[in-house]
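Before any comments, here is the structure.
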Amino acid sequence: QQPVQSPQAVILREGEDAVINCSSSKALYSVHWYRQKHGEAPVFLMILLKGGEQKGHDKISASFNEKKQQSSLYLTASQLSYSGTYFCGTERTGGSYIPTFGRGTSLIVHP
Amino acid sequence: NAGVTQTPKFQVLKTGQSMTLQCAQDMNHEYMSWYRQDPGMGLRLIHYSVGAGITDQGEVPNGYNVSRSTTEDFPLRLLSAAPSQTSVYFCASRTQGARDIQYFGAGTRLSVL
């Protein structure tokens, strides 16, 4: 079952912040975050394991609350290069190491 | 080190034709998978493999077959193509480690007329 992402789309100006959410009805072991540019393959951003960890990469960070089966991706001071579609992928507790992806969140950053 | 290689990049088929989408990785990854991507639907898992000789179904397996005779290769077969299989197909691989990245191939754009 696909995780649910929200919002479906976000439009920002450079320098603004955004939050993308991902939730699942299943108990989760991990959450992956990827970004995809139009016509290209998804590119890995980060992976979070259960334990409520939070990770950061430059001005992009994420949190994972396994009790609520939710993860959030935080983009601060957005840049034009952040534009693309963001996907979360989830692995169920006791499942295979193959993530199931949400429908994606389209992020557009304007100058 | 080429990563995950998919061939062909583009393909046009007629309804009822068969074809095989190729996927190869040179990273000695145990886990490989096939996803299809349709507008507004995200990436949906078709089939996956956790090692040579072991395959299993994902969310949308109907109309597709897979096999895994070697660690490196994981081909996806369409036995009788249908217009509903028009999509972009991505192959991916990763190691068994929990923190390891899943790498995607560049994709195959398939149109079934």
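Within each chain, counting starts at residue 1; across the structure tokens, chains are named A, B, ... in the order shown, with ligands numbered 1 upward in that order.
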> Neighbours of region 15-28 of chain A within 10 Å (only C-alpha atoms; same-chain residues fewer than 3 positions away dropped), as a ChimeraX atom specification?
Replying inline: /A:1-12,31,33,49-50,59-80,86-95,101-102,104-107,109-111
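The interface of chain A with chain B at 7 Å, considering only C-alpha atoms, consists of Glu40, Ala41, Pro42, Phe44, Ile47, Tyr97, Thr100, Phe101, Gly102, Arg103 and Gly104 of chain A.
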>> I need the residues of region 5-84 of chain A that end up classed as strand (DSSP E) by DSSP on the backbone, written out as a ChimeraX atom specification.
In response: /A:5-6,9-13,18-23,28-36,43-49,54-57,60-65,70-75,84
> Can you tell me how far CA of Asn28 (chain B) sits from CA of Ala52 (chain B), in Å to one decimal?
Replying inline: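 Straight-line distance from CA of Asn28 (chain B) to CA of Ala52 (chain B) works out to 11.0 Å.
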